[in-house]
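final_24.txt follows; it contains compact mmCIF, C-alpha atoms and all ligand atoms.
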# COMPACT_ATOMS: atom_id res chain seq x y z
CA MET A 695 136.67 90.23 195.87
CA GLN A 696 135.00 88.42 193.03
CA GLY A 697 135.45 88.05 189.30
CA GLU A 698 138.38 88.89 187.10
CA LYS A 699 140.48 91.96 187.61
CA ILE A 700 139.40 94.92 185.49
CA TRP A 701 142.47 96.49 183.89
CA LEU A 702 142.98 100.02 182.68
CA SER A 703 143.71 99.14 179.04
CA PRO A 704 144.61 95.48 178.44
CA PRO A 705 145.52 93.98 175.05
CA HIS A 706 142.50 92.78 173.07
CA LEU A 707 143.25 90.36 170.26
CA GLY A 708 141.07 90.24 167.18
CA GLY A 709 141.25 86.69 165.90
CA ASN A 710 143.52 86.63 162.85
CA GLU A 711 146.77 87.45 164.62
CA LEU A 712 147.71 83.75 164.98
CA LYS A 713 147.03 83.14 161.31
CA TYR A 714 149.61 85.77 160.31
CA ILE A 715 152.08 84.47 162.88
CA GLN A 716 151.54 80.97 161.47
CA ASP A 717 152.36 82.33 157.99
CA ALA A 718 155.64 83.64 159.36
CA PHE A 719 156.45 80.22 160.87
CA ASP A 720 155.38 78.35 157.74
CA THR A 721 157.65 80.45 155.54
CA ASN A 722 160.41 80.57 158.18
CA TRP A 723 160.45 84.39 158.04
CA ILE A 724 160.48 84.90 161.79
CA SER A 725 163.04 87.67 161.99
CA GLN A 726 163.22 91.25 160.72
CA TYR A 727 162.21 90.53 157.13
CA GLY A 728 159.04 89.08 155.67
CA SER A 729 155.61 89.60 154.24
CA ASN A 730 153.97 90.62 157.53
CA ILE A 731 156.26 93.62 157.90
CA ASP A 732 155.69 94.73 154.31
CA ALA A 733 151.92 94.21 154.57
CA PHE A 734 151.66 95.92 157.95
CA GLU A 735 153.49 99.00 156.69
CA LYS A 736 151.31 99.13 153.58
CA ILE A 737 148.05 98.75 155.55
CA ILE A 738 148.96 101.66 157.80
CA GLU A 739 150.11 103.81 154.89
CA ASP A 740 146.72 103.26 153.25
CA HIS A 741 144.90 103.82 156.52
CA LEU A 742 146.59 107.16 157.22
CA GLY A 743 146.82 108.49 153.67
CA TYR A 744 148.29 111.99 153.16
CA ASN A 745 151.80 111.06 152.03
CA SER A 746 152.52 108.66 154.86
CA PHE A 747 155.65 106.53 154.52
CA VAL A 748 155.77 103.99 157.31
CA THR A 749 158.78 102.23 158.85
CA ALA A 750 157.91 99.45 161.31
CA LEU A 751 160.13 99.50 164.39
CA SER A 752 160.66 97.78 167.72
CA SER A 753 158.95 100.55 169.72
CA GLY A 754 157.45 104.01 169.65
CA THR A 755 160.44 105.23 171.64
CA ALA A 756 162.77 103.97 168.90
CA ALA A 757 160.65 105.87 166.37
CA ILE A 758 161.07 109.14 168.27
CA HIS A 759 164.79 108.51 168.55
CA LEU A 760 165.09 107.93 164.79
CA ALA A 761 163.07 111.08 164.06
CA LEU A 762 165.57 113.09 166.12
CA ARG A 763 168.42 111.39 164.30
CA LEU A 764 166.87 112.16 160.90
CA LEU A 765 166.53 115.81 161.93
CA ASP A 766 170.20 115.77 162.85
CA VAL A 767 169.59 116.59 166.53
CA LYS A 768 172.97 116.57 168.25
CA GLU A 769 174.66 117.35 171.53
CA GLY A 770 173.66 120.76 172.89
CA ASP A 771 170.71 121.32 170.52
CA PHE A 772 167.40 122.52 171.93
CA VAL A 773 164.35 120.30 171.48
CA LEU A 774 160.95 121.60 172.60
CA CYS A 775 158.79 118.94 174.20
CA GLN A 776 155.36 118.77 175.79
CA SER A 777 155.87 118.32 179.53
CA PHE A 778 152.61 116.46 180.17
CA THR A 779 153.44 113.07 178.67
CA PHE A 780 154.93 109.65 179.23
CA VAL A 781 158.70 109.71 179.67
CA ALA A 782 159.22 108.01 176.28
CA SER A 783 158.48 111.31 174.50
CA ALA A 784 161.48 112.95 176.17
CA ASN A 785 164.03 110.20 176.83
CA PRO A 786 165.28 110.09 173.20
CA VAL A 787 166.23 113.78 173.49
CA LEU A 788 168.70 112.71 176.16
CA TYR A 789 169.91 109.77 174.02
CA GLN A 790 171.11 112.45 171.57
CA LYS A 791 172.62 114.53 174.42
CA ALA A 792 170.34 117.38 173.33
CA ILE A 793 168.65 119.81 175.74
CA PRO A 794 164.91 119.37 176.30
CA VAL A 795 162.86 122.51 176.92
CA PHE A 796 159.48 121.65 178.38
CA ILE A 797 156.18 123.25 177.38
CA ASP A 798 153.01 123.43 179.45
CA SER A 799 149.56 122.24 178.40
CA GLU A 800 146.53 124.37 177.62
CA ALA A 801 143.13 123.64 179.14
CA SER A 802 141.07 122.53 176.14
CA THR A 803 143.15 119.57 174.89
CA TRP A 804 145.65 119.19 177.77
CA ASN A 805 148.32 119.26 175.05
CA MET A 806 150.98 121.76 174.04
CA CYS A 807 150.08 125.39 174.78
CA PRO A 808 150.82 127.55 171.70
CA ASN A 809 151.65 130.63 173.82
CA ALA A 810 154.10 128.77 176.03
CA LEU A 811 155.63 127.21 172.91
CA GLU A 812 156.25 130.60 171.35
CA ASP A 813 157.77 131.93 174.61
CA ALA A 814 160.12 128.96 174.66
CA ILE A 815 161.15 129.50 171.03
CA LYS A 816 161.93 133.15 171.77
CA TYR A 817 164.01 132.10 174.77
CA CYS A 818 166.04 129.67 172.65
CA LEU A 819 166.55 132.27 169.93
CA GLU A 820 167.83 134.70 172.57
CA GLN A 821 170.38 132.02 173.52
CA GLY A 822 171.47 132.15 169.90
CA LYS A 823 170.20 128.69 168.98
CA LYS A 824 167.09 127.86 166.99
CA PRO A 825 165.41 124.72 168.41
CA LYS A 826 165.83 121.66 166.19
CA ALA A 827 162.39 120.12 166.74
CA ILE A 828 159.02 120.44 168.48
CA ILE A 829 157.71 117.20 170.03
CA THR A 830 153.92 117.43 170.23
CA VAL A 831 151.78 114.80 171.93
CA SER A 832 148.11 113.82 171.55
CA LEU A 833 147.70 112.64 175.09
CA TYR A 834 145.06 110.09 175.99
CA GLY A 835 144.08 110.15 172.32
CA MET A 836 143.08 113.84 172.23
CA PRO A 837 144.54 115.69 169.24
CA PHE A 838 146.65 118.73 170.10
CA MET A 839 145.80 122.26 168.80
CA VAL A 840 147.00 121.31 165.34
CA ASP A 841 146.39 124.54 163.39
CA GLU A 842 147.98 126.76 166.03
CA ILE A 843 151.04 124.57 166.61
CA ILE A 844 151.65 123.97 162.90
CA GLY A 845 151.32 127.75 162.41
CA ILE A 846 154.13 128.35 164.90
CA SER A 847 156.23 125.54 163.41
CA LYS A 848 155.94 127.18 159.98
CA LYS A 849 156.51 130.72 161.27
CA TYR A 850 159.82 129.77 162.88
CA GLU A 851 160.65 126.93 160.47
CA ILE A 852 161.05 124.33 163.20
CA PRO A 853 159.95 120.79 162.28
CA ILE A 854 157.37 118.86 164.29
CA ILE A 855 157.81 115.34 165.62
CA GLU A 856 154.25 114.25 166.30
CA ASP A 857 154.06 111.75 169.16
CA SER A 858 150.76 110.02 168.35
CA ALA A 859 151.68 106.98 170.43
CA GLU A 860 148.24 107.06 172.07
CA ALA A 861 146.24 108.54 169.20
CA LEU A 862 145.85 105.97 166.41
CA GLY A 863 142.31 106.57 165.10
CA SER A 864 142.00 110.12 166.42
CA LYS A 865 141.39 113.00 164.03
CA TYR A 866 141.55 116.76 163.81
CA LYS A 867 139.22 118.39 161.28
CA GLY A 868 138.75 114.96 159.73
CA LYS A 869 142.48 114.32 159.20
CA PRO A 870 144.12 111.47 161.13
CA CYS A 871 146.64 111.89 163.92
CA GLY A 872 149.93 110.57 162.59
CA THR A 873 149.79 112.83 159.53
CA PHE A 874 150.50 116.21 161.14
CA GLY A 875 154.21 116.04 161.86
CA ASP A 876 157.25 116.30 159.60
CA PHE A 877 157.73 112.99 161.36
CA SER A 878 155.02 111.21 163.31
CA ILE A 879 155.12 108.14 165.50
CA ILE A 880 152.58 105.62 166.71
CA SER A 881 153.13 103.00 169.42
CA PHE A 882 151.83 99.43 169.44
CA ASN A 883 152.81 98.68 173.01
CA GLY A 884 150.51 96.26 174.86
CA ASN A 885 148.45 98.98 176.55
CA LYS A 886 147.70 101.03 173.42
CA ILE A 887 144.46 100.96 171.39
CA ILE A 888 145.88 98.10 169.31
CA THR A 889 149.14 96.25 169.85
CA THR A 890 151.87 94.26 168.12
CA SER A 891 152.91 92.93 171.59
CA GLY A 892 155.51 95.69 171.52
CA GLY A 893 156.42 97.90 168.60
CA GLY A 894 156.02 101.23 166.91
CA ILE A 895 156.15 103.00 163.58
CA LEU A 896 157.86 106.05 162.25
CA ILE A 897 155.84 107.95 159.66
CA SER A 898 157.78 110.19 157.33
CA ARG A 899 156.55 112.31 154.48
CA ASN A 900 158.69 110.94 151.64
CA GLN A 901 160.39 107.75 150.48
CA GLN A 902 163.91 109.13 151.05
CA TYR A 903 163.26 109.57 154.77
CA LYS A 904 161.64 106.14 154.96
CA ASP A 905 164.75 104.60 153.39
CA LYS A 906 166.99 106.55 155.73
CA ALA A 907 164.96 105.44 158.75
CA LEU A 908 165.27 101.81 157.68
CA TYR A 909 169.02 102.28 157.26
CA PHE A 910 169.46 103.70 160.78
CA ALA A 911 167.14 101.00 162.18
CA THR A 912 169.34 98.24 160.74
CA GLN A 913 172.76 99.31 162.09
CA ALA A 914 173.38 101.88 159.31
CA LYS A 915 174.62 99.08 157.11
CA GLU A 916 175.62 100.34 153.70
CA ASP A 917 174.57 98.69 150.47
CA LYS A 918 177.78 96.77 149.71
CA ASP A 919 178.59 93.06 149.50
CA TYR A 920 180.50 93.20 152.77
CA TYR A 921 179.57 94.81 156.11
CA SER A 922 180.34 98.48 155.66
CA HIS A 923 179.45 101.23 158.15
CA SER A 924 180.32 104.89 158.42
CA GLU A 925 177.64 106.12 160.85
CA VAL A 926 176.15 104.96 164.15
CA GLY A 927 173.05 102.82 163.69
CA TYR A 928 170.61 100.87 165.84
CA ASN A 929 168.85 97.54 165.97
CA TYR A 930 165.34 98.99 165.88
CA ARG A 931 163.47 96.99 163.24
CA MET A 932 160.12 95.34 164.03
CA SER A 933 160.06 91.55 163.82
CA ASN A 934 157.91 89.76 161.26
CA ILE A 935 156.11 87.99 164.15
CA SER A 936 155.09 91.28 165.79
CA ALA A 937 154.02 92.66 162.42
CA GLY A 938 151.76 89.58 162.05
CA ILE A 939 150.01 90.53 165.29
CA GLY A 940 149.73 94.07 163.94
CA ARG A 941 148.07 92.86 160.72
CA GLY A 942 145.41 91.05 162.72
CA GLN A 943 144.92 94.07 164.97
CA MET A 944 144.51 96.52 162.09
CA GLU A 945 141.51 94.45 160.95
CA VAL A 946 139.68 95.34 164.18
CA LEU A 947 140.87 98.93 164.62
CA GLU A 948 137.54 100.55 163.66
CA ASP A 949 135.72 98.33 166.14
CA ARG A 950 138.23 99.21 168.85
CA ILE A 951 137.76 102.92 168.25
CA SER A 952 133.99 102.66 168.54
CA LYS A 953 134.30 100.54 171.70
CA ARG A 954 136.56 103.15 173.32
CA ARG A 955 134.11 105.86 172.36
CA GLU A 956 131.25 103.80 173.84
CA ASN A 957 133.21 103.59 177.07
CA HIS A 958 133.47 107.36 176.98
CA SER A 959 129.69 107.72 176.57
CA PHE A 960 129.22 105.36 179.50
CA TYR A 961 131.37 107.56 181.76
CA ASN A 962 129.70 110.67 180.42
CA GLU A 963 126.35 109.30 181.55
CA VAL A 964 127.67 108.30 184.97
CA PHE A 965 129.30 111.65 185.71
CA LYS A 966 126.71 114.01 184.28
CA ASN A 967 125.22 114.84 187.67
CA TYR A 968 128.50 115.39 189.48
CA ASP A 969 129.82 118.90 189.81
CA GLU A 970 133.01 117.80 191.59
CA ILE A 971 134.06 115.28 188.92
CA SER A 972 134.49 116.27 185.30
CA LEU A 973 135.19 113.88 182.48
CA PHE A 974 137.80 115.06 179.96
CA LYS A 975 136.09 115.61 176.58
CA GLU A 976 136.61 116.85 173.04
CA PRO A 977 136.58 120.66 173.16
CA ASN A 978 134.52 120.97 169.94
CA ASN A 979 133.71 119.19 166.68
CA ASP A 980 137.15 119.79 165.17
CA PHE A 981 138.47 117.17 167.58
CA PHE A 982 137.77 113.45 167.31
CA SER A 983 139.42 111.44 170.07
CA ASN A 984 139.91 107.67 170.09
CA TYR A 985 139.38 108.06 173.87
CA TRP A 986 142.25 105.70 174.51
CA LEU A 987 141.86 106.41 178.22
CA ASN A 988 138.99 108.11 180.00
CA THR A 989 140.25 110.59 182.54
CA VAL A 990 138.53 112.70 185.16
CA ILE A 991 139.47 115.79 187.14
CA ILE A 992 138.26 115.87 190.73
CA GLU A 993 137.80 119.36 192.14
CA GLU A 994 137.92 120.03 195.87
CA ASN A 995 134.53 119.27 197.35
CA ASP A 996 132.55 118.79 200.56
CA TYR A 997 131.78 115.14 199.86
CA GLU A 998 135.32 113.98 200.53
CA VAL A 999 135.60 112.60 197.03
CA THR A 1000 139.29 112.47 196.11
CA LYS A 1001 141.36 110.64 193.51
CA GLU A 1002 143.02 108.68 196.31
CA LYS A 1003 139.65 107.56 197.64
CA ILE A 1004 138.45 106.42 194.22
CA LYS A 1005 141.73 104.60 193.59
CA LYS A 1006 141.48 102.80 196.93
CA ILE A 1007 137.84 101.75 196.54
CA PHE A 1008 138.51 100.51 193.02
CA LEU A 1009 141.59 98.60 194.11
CA GLU A 1010 139.59 96.87 196.85
CA ASN A 1011 137.27 95.73 194.08
CA SER A 1012 140.07 94.52 191.79
CA ILE A 1013 139.76 97.45 189.40
CA GLU A 1014 142.84 99.20 188.12
CA THR A 1015 143.03 103.01 187.96
CA ARG A 1016 146.06 105.29 187.44
CA TYR A 1017 146.97 108.85 188.20
CA LEU A 1018 147.62 111.04 185.18
CA TRP A 1019 151.14 111.27 183.71
CA LYS A 1020 153.44 113.16 186.04
CA PRO A 1021 154.81 116.04 183.94
CA MET A 1022 158.42 115.81 182.82
CA HIS A 1023 159.45 119.16 184.32
CA LEU A 1024 158.49 117.77 187.75
CA GLN A 1025 160.58 114.59 187.34
CA ALA A 1026 163.98 114.29 189.02
CA LEU A 1027 165.40 113.21 185.66
CA PHE A 1028 164.42 116.47 183.99
CA ASN A 1029 163.91 119.16 186.63
CA LYS A 1030 167.12 121.00 185.77
CA TYR A 1031 165.72 121.87 182.33
CA LYS A 1032 163.66 124.94 181.44
CA PHE A 1033 159.88 124.88 181.57
CA PHE A 1034 157.54 127.40 179.96
CA GLY A 1035 153.97 127.91 181.16
CA ASN A 1036 151.92 128.24 184.34
CA ASN A 1037 152.08 124.63 185.45
CA LEU A 1038 148.56 123.73 184.32
CA CYS A 1039 149.84 120.22 183.67
CA GLY A 1040 151.06 119.98 187.27
CA ILE A 1041 147.55 120.86 188.45
CA LEU A 1042 146.03 118.25 186.15
CA PHE A 1043 148.44 115.70 187.59
CA ASP A 1044 147.37 116.65 191.13
CA LYS A 1045 143.65 116.34 190.44
CA GLY A 1046 143.31 113.69 187.76
CA LEU A 1047 142.63 109.98 187.50
CA CYS A 1048 142.47 107.51 184.57
CA LEU A 1049 139.60 105.02 184.61
CA PRO A 1050 139.32 101.55 183.02
CA SER A 1051 138.92 102.07 179.28
CA GLY A 1052 139.73 98.74 177.66
CA THR A 1053 137.81 97.56 174.62
CA ASN A 1054 136.98 94.29 176.36
CA LEU A 1055 135.17 96.05 179.21
CA SER A 1056 131.95 94.05 179.58
CA ASP A 1057 128.48 95.23 180.57
CA ASN A 1058 129.05 93.50 183.90
CA ASP A 1059 132.29 95.40 184.40
CA LYS A 1060 130.51 98.64 183.61
CA ASP A 1061 127.73 97.86 186.11
CA LYS A 1062 130.33 97.19 188.77
CA ILE A 1063 132.21 100.42 188.01
CA LYS A 1064 128.99 102.41 187.92
CA SER A 1065 127.75 101.11 191.26
CA LEU A 1066 131.05 102.11 192.89
CA LEU A 1067 131.04 105.56 191.28
CA ILE A 1068 127.47 106.45 192.17
CA ASN A 1069 128.08 105.59 195.81
CA LEU A 1070 131.25 107.60 196.19
CA ARG A 1071 129.73 110.40 198.21
CA TYR A 1072 128.01 108.26 200.81
C1 LIG A 1101 153.53 104.54 174.86
C2 LIG A 1101 154.05 105.90 174.58
C3 LIG A 1101 155.27 106.10 173.93
C4 LIG A 1101 156.29 105.04 173.67
O1 LIG A 1101 155.90 103.96 172.99
P1 LIG A 1101 156.64 102.55 173.21
O2 LIG A 1101 156.15 101.79 172.04
O3 LIG A 1101 156.16 102.02 174.51
O4 LIG A 1101 158.11 102.78 173.18
C5 LIG A 1101 155.66 107.40 173.62
N1 LIG A 1101 154.88 108.44 173.94
C6 LIG A 1101 153.70 108.29 174.57
C7 LIG A 1101 152.89 109.52 174.86
C8 LIG A 1101 153.26 107.03 174.93
O5 LIG A 1101 152.11 106.88 175.59
Turn this file's structure into structure tokens for me.
Ligand SMILES: *Cc1c(COP(=O)(O)O)cnc(C)c1O
Amino acid sequence: MQGEKIWLSPPHLGGNELKYIQDAFDTNWISQYGSNIDAFEKIIEDHLGYNSFVTALSSGTAAIHLALRLLDVKEGDFVLCQSFTFVASANPVLYQKAIPVFIDSEASTWNMCPNALEDAIKYCLEQGKKPKAIITVSLYGMPFMVDEIIGISKKYEIPIIEDSAEALGSKYKGKPCGTFGDFSIISFNGNKIITTSGGGILISRNQQYKDKALYFATQAKEDKDYYSHSEVGYNYRMSNISAGIGRGQMEVLEDRISKRRENHSFYNEVFKNYDEISLFKEPNNDFFSNYWLNTVIIEENDYEVTKEKIKKIFLENSIETRYLWKPMHLQALFNKYKFFGNNLCGILFDKGLCLPSGTNLSDNDKDKIKSLLINLRY
């Protein structure tokens, strides 16, 4: 083993993060108020456009929880959720004691299948309860089938919570991910395309919801001169230090997107002559992915190339890989809940692997990865 470990998607600082943190120290605004938070929210509102009202929070998970709260999701309500995702998309449904109903993926984006979604809605309606929300995900940075899913959301008048945790910088028909939901969320966890060390934002479509989100995120404290509360609240606000990191990171976002896309081109080149390994790609020009992670599907083959074999060889060479997200409907935590679809996402989980996709992947790292990949069969 030689050299540094190559990680899947490590944090990659830009340069000005410390300057903004220093500002926070200099002004002694190191808690949940201050100019970094205000600036960070404003920068992202401008970046997204399209009526985006941003509330900076302690995590993406907190943002999903607040979206459910703002939609008045309560005990016993149905919430439709993409099964193929990280557990953070679905956990907040349980925080509210609501009932998740899981939806399969479709093959072109790996995200929510419109047909399975409609079947699930019909099932809920037959139970006499209209679902309260649809949680869509843009997994690995790939936008979901936006037109189709929004069409169904409008037809049945069920709001969308858009989990764009992994999709900052991605677009569908030129419009950014994070602008498609009635509420949208983005995560700034350490492994995402940019980070605040840990944090997230809730994006709502008007100022009233932004104000309400801030209220719930700060213990539902009412505007009086003593501490007055009549509803349950949370301590979910982002700190001014984290927001300082976020300000620095937003300055390098465009560079990070192009680096991730360069990584994708690199893998595309490496895999173009393999019929047993296929790189996951944009289905057509409507989709623009930030390619947060590059993922491959390995079909059964005579060369004994398997995801386990690749993982092992990479590990021996200090290179991190990961299997794809294990779908929620296959998790012990959730397997008592309904699932609609043909288990495409289960098949993807069985066959898929995520490859190193960090923006600090060097040419040396790429050479090392390439030499391992081209020798897989022999
Ligand atoms: C990372 C992630 C989240 C949660 O974000 P945190 O900021 O880590 O709470 C939610 N959904 C998906 C799909 C994610 O990848």
6 Å shell around ligand LIG 1101 (chain A) using all atoms listed in the file, listed as a PyMOL selection string
chain A and resi 753-755+779-780+782-783+857+859-860+881-883+893-894
Shell around segment 978-981 of chain A at 12 Å using all atoms listed in the file, local window under 2 positions removed, as number ranges by chain:
A: 802-803, 832, 835-841, 861, 863-871, 975-976, 983-985
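By chain and then residue number, the residues within 7 Å of Ala810 of chain A are A:Ile797, A:Asp798, A:Cys807, A:Asp813, A:Ala814, A:Phe1034, A:Gly1035, counting only C-alpha atoms and disregarding those fewer than 3 positions away in sequence.
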Just checking: using all atoms listed in the file, which residue out of A:Tyr909, A:Phe874, A:Phe960, A:Tyr714 ends up closest to Leu973 of chain A?
A:Phe960
Find the residue from A:Asn785, A:Ser933, A:Ser746, A:Ser922 that sits nearest to Ser725 of chain A; use all atoms listed in the file when measuring.
A:Ser933
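Reported to one decimal place, the separation of atom CA of Gln1025 of chain A from atom CA of Glu842 of chain A is 27.6 Å.
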Applying 10 Å and all atoms listed in the file, which residues near Ala733 of chain A remain after dropping the ones on its own chain fewer than 6 positions away? List them as a list of chain:residue names.
A:Glu739, A:Ala937, A:Gly938, A:Gly940, A:Arg941
Looking at A:Tyr997, A:Tyr1017, A:Phe1028, A:Trp701, which one is nearest to Lys1045 of chain A, with distances taken over all atoms listed in the file?
A:Tyr1017
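The interatomic distance for the pair atom CA of Ser972 of chain A and atom CA of Ser1056 of chain A works out to 23.1 Å.
Near Ile829 of chain A, within a cut-off of 7 Å and counting all atoms listed in the file, sit the residues Leu774, Cys775, Gln776, Ile854, Ile855, Glu856 and Asp857 of chain A, with same-chain residues fewer than 3 positions away left out.
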Residue subset to file, keeping C-alpha atoms, as a PDB file, keeping the file's coordinate frame:
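Result file follows (selection-v7.pdb):
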ATOM      1  CA  LEU A 774     160.950 121.600 172.600  1.00  0.00           C
ATOM      2  CA  CYS A 775     158.790 118.940 174.200  1.00  0.00           C
ATOM      3  CA  GLN A 776     155.360 118.770 175.790  1.00  0.00           C
ATOM      4  CA  ILE A 854     157.370 118.860 164.290  1.00  0.00           C
ATOM      5  CA  ILE A 855     157.810 115.340 165.620  1.00  0.00           C
ATOM      6  CA  GLU A 856     154.250 114.250 166.300  1.00  0.00           C
ATOM      7  CA  ASP A 857     154.060 111.750 169.160  1.00  0.00           C
TER       8      ASP A 857
END
Could you tell me, as a list in words, which residues have any atom at most 12 Å from (161.2, 125.2, 185.8), counting all atoms listed in the file?
Ser777, Pro794, Val795, Phe796, Ile797, Asp798, Ala814, Pro1021, Met1022, His1023, Leu1024, Gln1025, Ala1026, Phe1028, Asn1029, Lys1030, Tyr1031, Lys1032, Phe1033, Phe1034, Gly1035, Asn1036, Asn1037 and Gly1040 of chain A
Students should find that atom CA of Asn962 of chain A and atom CA of Phe974 of chain A are spaced 9.2 Å
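Using all atoms listed in the file, the shortest contact distance between Gly743 of chain A and any of A:Ser1065, A:Ser898, A:Ser924, A:Thr912 is found at A:Ser898.
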For a quick check of understanding, using only C-alpha atoms, which of A:Ser799, A:Ser878, A:Thr1053, A:Gln901 has the smallest distance to Leu811 of chain A?
A:Ser799
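Comparing the minimum interatomic distances between Leu764 of chain A and each of A:Leu908, A:Ile843, A:Val781, A:Ile700, counting all atoms listed in the file, we find that A:Leu908 sits nearest.
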Point (158.9, 124.2, 165.3) neighbourhood (9 Å, only C-alpha atoms) written as number ranges by chain:
A: 774, 811, 815, 825-829, 843-855
List as number ranges by chain the protein and nucleic acid residues near Val926 of chain A, meaning an atom at most 9 Å away when all atoms listed in the file are counted, but skip any in the same chain fewer than 4 places from it.
A: 910, 913-914
Kindly output segment 711-727 of chain A as a PDB file, in the frame of the given file, after building N, CA, C and O atoms.
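File out-v2.pdb, as written:
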ATOM      1  N   GLU A 711     145.354  87.249 164.324  1.00  0.00           N
ATOM      2  CA  GLU A 711     146.770  87.450 164.620  1.00  0.00           C
ATOM      3  C   GLU A 711     147.547  86.140 164.469  1.00  0.00           C
ATOM      4  O   GLU A 711     148.623  86.104 163.853  1.00  0.00           O
ATOM      5  N   LEU A 712     146.987  85.030 165.018  1.00  0.00           N
ATOM      6  CA  LEU A 712     147.710  83.750 164.980  1.00  0.00           C
ATOM      7  C   LEU A 712     147.899  83.248 163.549  1.00  0.00           C
ATOM      8  O   LEU A 712     148.899  82.613 163.233  1.00  0.00           O
ATOM      9  N   LYS A 713     146.935  83.556 162.701  1.00  0.00           N
ATOM     10  CA  LYS A 713     147.030  83.140 161.310  1.00  0.00           C
ATOM     11  C   LYS A 713     148.270  83.784 160.657  1.00  0.00           C
ATOM     12  O   LYS A 713     149.045  83.107 159.977  1.00  0.00           O
ATOM     13  N   TYR A 714     148.462  85.069 160.911  1.00  0.00           N
ATOM     14  CA  TYR A 714     149.610  85.770 160.310  1.00  0.00           C
ATOM     15  C   TYR A 714     150.929  85.317 160.948  1.00  0.00           C
ATOM     16  O   TYR A 714     151.959  85.237 160.278  1.00  0.00           O
ATOM     17  N   ILE A 715     150.870  85.000 162.233  1.00  0.00           N
ATOM     18  CA  ILE A 715     152.080  84.470 162.880  1.00  0.00           C
ATOM     19  C   ILE A 715     152.402  83.090 162.283  1.00  0.00           C
ATOM     20  O   ILE A 715     153.550  82.775 161.986  1.00  0.00           O
ATOM     21  N   GLN A 716     151.344  82.298 162.071  1.00  0.00           N
ATOM     22  CA  GLN A 716     151.540  80.970 161.470  1.00  0.00           C
ATOM     23  C   GLN A 716     152.187  81.097 160.084  1.00  0.00           C
ATOM     24  O   GLN A 716     153.115  80.344 159.755  1.00  0.00           O
ATOM     25  N   ASP A 717     151.733  82.069 159.301  1.00  0.00           N
ATOM     26  CA  ASP A 717     152.360  82.330 157.990  1.00  0.00           C
ATOM     27  C   ASP A 717     153.858  82.537 158.139  1.00  0.00           C
ATOM     28  O   ASP A 717     154.651  82.020 157.349  1.00  0.00           O
ATOM     29  N   ALA A 718     154.217  83.328 159.149  1.00  0.00           N
ATOM     30  CA  ALA A 718     155.640  83.640 159.360  1.00  0.00           C
ATOM     31  C   ALA A 718     156.410  82.355 159.679  1.00  0.00           C
ATOM     32  O   ALA A 718     157.496  82.113 159.159  1.00  0.00           O
ATOM     33  N   PHE A 719     155.805  81.491 160.525  1.00  0.00           N
ATOM     34  CA  PHE A 719     156.450  80.220 160.870  1.00  0.00           C
ATOM     35  C   PHE A 719     156.546  79.326 159.634  1.00  0.00           C
ATOM     36  O   PHE A 719     157.584  78.722 159.379  1.00  0.00           O
ATOM     37  N   ASP A 720     155.433  79.241 158.897  1.00  0.00           N
ATOM     38  CA  ASP A 720     155.380  78.350 157.740  1.00  0.00           C
ATOM     39  C   ASP A 720     156.434  78.715 156.704  1.00  0.00           C
ATOM     40  O   ASP A 720     157.006  77.848 156.041  1.00  0.00           O
ATOM     41  N   THR A 721     156.686  80.011 156.550  1.00  0.00           N
ATOM     42  CA  THR A 721     157.650  80.450 155.540  1.00  0.00           C
ATOM     43  C   THR A 721     159.044  80.626 156.119  1.00  0.00           C
ATOM     44  O   THR A 721     159.981  80.972 155.422  1.00  0.00           O
ATOM     45  N   ASN A 722     159.147  80.423 157.455  1.00  0.00           N
ATOM     46  CA  ASN A 722     160.410  80.570 158.180  1.00  0.00           C
ATOM     47  C   ASN A 722     160.937  82.003 158.193  1.00  0.00           C
ATOM     48  O   ASN A 722     162.114  82.247 158.448  1.00  0.00           O
ATOM     49  N   TRP A 723     160.059  82.969 157.938  1.00  0.00           N
ATOM     50  CA  TRP A 723     160.450  84.390 158.040  1.00  0.00           C
ATOM     51  C   TRP A 723     160.051  84.860 159.439  1.00  0.00           C
ATOM     52  O   TRP A 723     159.013  85.477 159.625  1.00  0.00           O
ATOM     53  N   ILE A 724     160.877  84.575 160.423  1.00  0.00           N
ATOM     54  CA  ILE A 724     160.480  84.900 161.790  1.00  0.00           C
ATOM     55  C   ILE A 724     161.326  86.046 162.353  1.00  0.00           C
ATOM     56  O   ILE A 724     161.247  86.373 163.521  1.00  0.00           O
ATOM     57  N   SER A 725     162.140  86.626 161.513  1.00  0.00           N
ATOM     58  CA  SER A 725     163.040  87.670 161.990  1.00  0.00           C
ATOM     59  C   SER A 725     162.598  89.037 161.474  1.00  0.00           C
ATOM     60  O   SER A 725     161.410  89.332 161.427  1.00  0.00           O
ATOM     61  N   GLN A 726     163.547  89.856 161.058  1.00  0.00           N
ATOM     62  CA  GLN A 726     163.220  91.250 160.720  1.00  0.00           C
ATOM     63  C   GLN A 726     162.947  91.481 159.234  1.00  0.00           C
ATOM     64  O   GLN A 726     163.007  92.608 158.767  1.00  0.00           O
ATOM     65  N   TYR A 727     162.665  90.397 158.500  1.00  0.00           N
ATOM     66  CA  TYR A 727     162.210  90.530 157.130  1.00  0.00           C
ATOM     67  C   TYR A 727     160.977  89.671 156.959  1.00  0.00           C
ATOM     68  O   TYR A 727     160.784  88.717 157.697  1.00  0.00           O
TER      69      TYR A 727
END
